[in-house]
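First up is the structure itself, then whatever we jot down about it.
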Amino acid sequence: MSRTVAILIARLIFAGIFAMAATFKFAGMADTAGYIAAAGFPFPLLLAWLAAIFEVALVLAFLTGAFFSEASLLAGAYVIFLAFAFHGPSHWEGNQAEFGFFVDHFTFLAGLFYAAVHGPGDKLAMQHGLIWKR
């Protein structure tokens with residue numbers, strides 16, 4: 001019982017984090033695009049929309065358990081990309097807090113790897129996926 005509760009809470013935390021990120025993007029798409037442009041990426045508005053849509057897809061995967069391991073691995077790649085693109089070493093000199101933000105992404109990555117390997121649990125999880133099979 002406690003294992004099931006812990007897994008469900010972890011799934012809700014993952015979903016909540018990406019839901020908040022998507023909500024902020026949808027609420028301020030122009031601001032998100034500006035942040036992306038400031039990092040030097042082309043087509044910032046398109047990338048902002050793609051990021052928000054991707055985050056919604058992650059939320060659905062974490063809530064339903066469908067393609068959970070795949071979503072966890074993709075989320076891990078995304079999180080590390082964000083760490084380097086927006087909080088990497090070039091940002092540390094101007095703001096020491098950026099180093100903390102950078103490192104935090106790796107702890108999140110560790111949790112996503114753990115989730116990818118162990119799957120969404122047996123309760124309240126759809127049985128769809130390419131990696132995780134019950």
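Identifiers in the structure tokens: chain A, B, ... in order shown; residue index from 1 per chain; ligand index from 1 in order shown.
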
Original post:
Counting only C-alpha atoms, what is within 7 Å of segment 75-83 of chain A, bar same-chain residues fewer than 5 positions away, as a ChimeraX atom specification?
Top reply: /A:88,102,105,109,112

Writer output for current selection, C-alpha atoms, as a compact mmCIF listing (two decimals), in the first residue's frame:
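As a result, again34.txt now contains:
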```txt
# COMPACT_ATOMS: atom_id res chain seq x y z
CA GLY A 88 24.62 26.54 -17.71
CA PHE A 102 21.60 24.13 -12.88
CA HIS A 105 17.95 19.91 -12.88
CA LEU A 109 16.87 13.94 -13.86
CA LEU A 112 12.99 10.78 -13.88
```

Original post:
What lies within 12 Å of Phe14 of chain A using only C-alpha atoms, ignoring chain neighbours under 6 positions off, as a PyMOL selection string?
Top reply: chain A and resi 7-8+20-21+55-56+58-65+68+71-72+75-76+79+108-109+111-112+115+120

**OP:** Can you pull out every residue within 8 Å of Trp49 of chain A, counting only C-alpha atoms, but drop anything in the same chain fewer than 5 positions away, and send it as number ranges by chain?
**Re:** A: 25-26, 29

Original post:
Among chain A, which residues carry a DSSP assignment of alpha helix (DSSP H), reported as a PyMOL selection string?
Top reply: chain A and resi 2-27+29-38+44-64+68-87+97-118

Generate a file of the selected residues that holds C-alpha atoms, formatted as a compact mmCIF listing (two decimals), in the first residue's frame.
```
# COMPACT_ATOMS: atom_id res chain seq x y z
CA SER A 2 2.73 2.51 0.93
CA ARG A 3 4.62 1.72 -2.30
CA THR A 4 1.49 2.47 -4.34
CA VAL A 5 0.88 5.73 -2.50
CA ALA A 6 4.51 6.83 -2.97
CA ILE A 7 4.41 6.07 -6.70
CA LEU A 8 1.11 7.92 -7.15
CA ILE A 9 2.42 10.95 -5.25
CA ALA A 10 5.59 10.94 -7.36
CA ARG A 11 3.52 10.82 -10.54
CA LEU A 12 1.41 13.75 -9.27
CA ILE A 13 4.56 15.73 -8.47
CA PHE A 14 6.01 15.14 -11.94
CA ALA A 15 2.68 16.04 -13.55
CA GLY A 16 2.31 19.11 -11.33
CA ILE A 17 5.73 20.49 -12.19
CA PHE A 18 5.17 20.17 -15.92
CA ALA A 19 1.58 21.43 -15.63
CA MET A 20 2.83 24.58 -13.89
CA ALA A 21 5.52 25.06 -16.54
CA ALA A 22 2.98 24.68 -19.36
CA THR A 23 0.51 27.00 -17.63
CA PHE A 24 3.14 29.72 -17.27
CA LYS A 25 4.05 29.33 -20.93
CA PHE A 26 0.43 29.52 -22.12
CA ALA A 27 -0.25 32.51 -19.85
CA MET A 29 3.75 32.96 -24.45
CA ALA A 30 5.38 36.21 -25.59
CA ASP A 31 7.46 36.36 -22.41
CA THR A 32 8.52 32.74 -22.86
CA ALA A 33 9.45 33.44 -26.47
CA GLY A 34 11.49 36.45 -25.32
CA TYR A 35 13.35 34.28 -22.81
CA ILE A 36 14.08 31.73 -25.53
CA ALA A 37 15.22 34.46 -27.93
CA ALA A 38 17.51 35.92 -25.26
CA PRO A 44 11.41 31.54 -30.28
CA LEU A 45 7.62 31.74 -30.52
CA LEU A 46 7.41 28.38 -32.29
CA LEU A 47 9.76 26.83 -29.74
CA ALA A 48 7.70 28.27 -26.88
CA TRP A 49 4.53 26.71 -28.28
CA LEU A 50 6.26 23.38 -28.90
CA ALA A 51 7.63 23.37 -25.34
CA ALA A 52 4.18 24.07 -23.87
CA ILE A 53 2.54 21.34 -25.96
CA PHE A 54 5.32 18.90 -25.06
CA GLU A 55 4.84 19.67 -21.37
CA VAL A 56 1.10 19.00 -21.66
CA ALA A 57 1.89 15.63 -23.26
CA LEU A 58 4.21 14.85 -20.33
CA VAL A 59 1.46 15.75 -17.87
CA LEU A 60 -0.92 13.34 -19.60
CA ALA A 61 1.68 10.56 -19.55
CA PHE A 62 2.47 11.05 -15.87
CA LEU A 63 -1.19 11.22 -14.86
CA THR A 64 -2.34 8.23 -16.89
CA PHE A 68 5.31 6.51 -18.73
CA SER A 69 8.88 5.26 -19.12
CA GLU A 70 9.23 6.88 -22.53
CA ALA A 71 7.85 10.14 -21.16
CA SER A 72 10.23 9.97 -18.19
CA LEU A 73 13.24 9.54 -20.48
CA LEU A 74 12.11 12.33 -22.82
CA ALA A 75 11.44 14.58 -19.83
CA GLY A 76 14.93 13.81 -18.55
CA ALA A 77 16.50 14.84 -21.85
CA TYR A 78 14.37 17.98 -21.87
CA VAL A 79 15.29 18.91 -18.31
CA ILE A 80 19.02 18.55 -18.97
CA PHE A 81 18.71 20.54 -22.18
CA LEU A 82 17.01 23.30 -20.17
CA ALA A 83 19.75 23.13 -17.53
CA PHE A 84 22.51 23.78 -20.05
CA ALA A 85 20.59 26.17 -22.30
CA PHE A 86 19.22 28.46 -19.60
CA HIS A 87 21.28 27.85 -16.44
CA ALA A 97 21.97 31.24 -7.93
CA GLU A 98 22.09 30.00 -11.53
CA PHE A 99 24.52 27.28 -10.43
CA GLY A 100 21.93 26.07 -7.93
CA PHE A 101 19.24 26.07 -10.62
CA PHE A 102 21.60 24.13 -12.88
CA VAL A 103 22.32 21.47 -10.24
CA ASP A 104 18.63 21.13 -9.35
CA HIS A 105 17.95 19.91 -12.88
CA PHE A 106 20.23 16.92 -12.25
CA THR A 107 18.33 15.87 -9.14
CA PHE A 108 15.16 16.05 -11.17
CA LEU A 109 16.87 13.94 -13.86
CA ALA A 110 17.73 11.30 -11.26
CA GLY A 111 14.08 11.03 -10.25
CA LEU A 112 12.99 10.78 -13.88
CA PHE A 113 15.53 8.00 -14.55
CA TYR A 114 14.29 6.12 -11.50
CA ALA A 115 10.71 6.54 -12.70
CA ALA A 116 11.61 5.37 -16.21
CA VAL A 117 13.17 2.18 -14.88
CA HIS A 118 10.47 1.33 -12.34
```

Original post:
Quick one: distance from atom CA of Gly129 of chain A to atom CA of Ala66 of chain A in Å, one decimal?
Top reply: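 Going from atom CA of Gly129 of chain A over to atom CA of Ala66 of chain A, I get 6.1 Å.
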
Subject >> Interatomic distance (Å, one decimal) between atom CA of Phe43 of chain A and atom CA of Gly28 of chain A >> reply: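 Those two atoms sit 16.3 Å apart.
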
Original post:
Taking into account only C-alpha atoms, which residue in the set A:Lys123, A:Ser90, A:His128, A:Pro42 is nearest to Met1 of chain A?
Top reply: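 Distance minimum relative to Met1 of chain A lands on A:Lys123.
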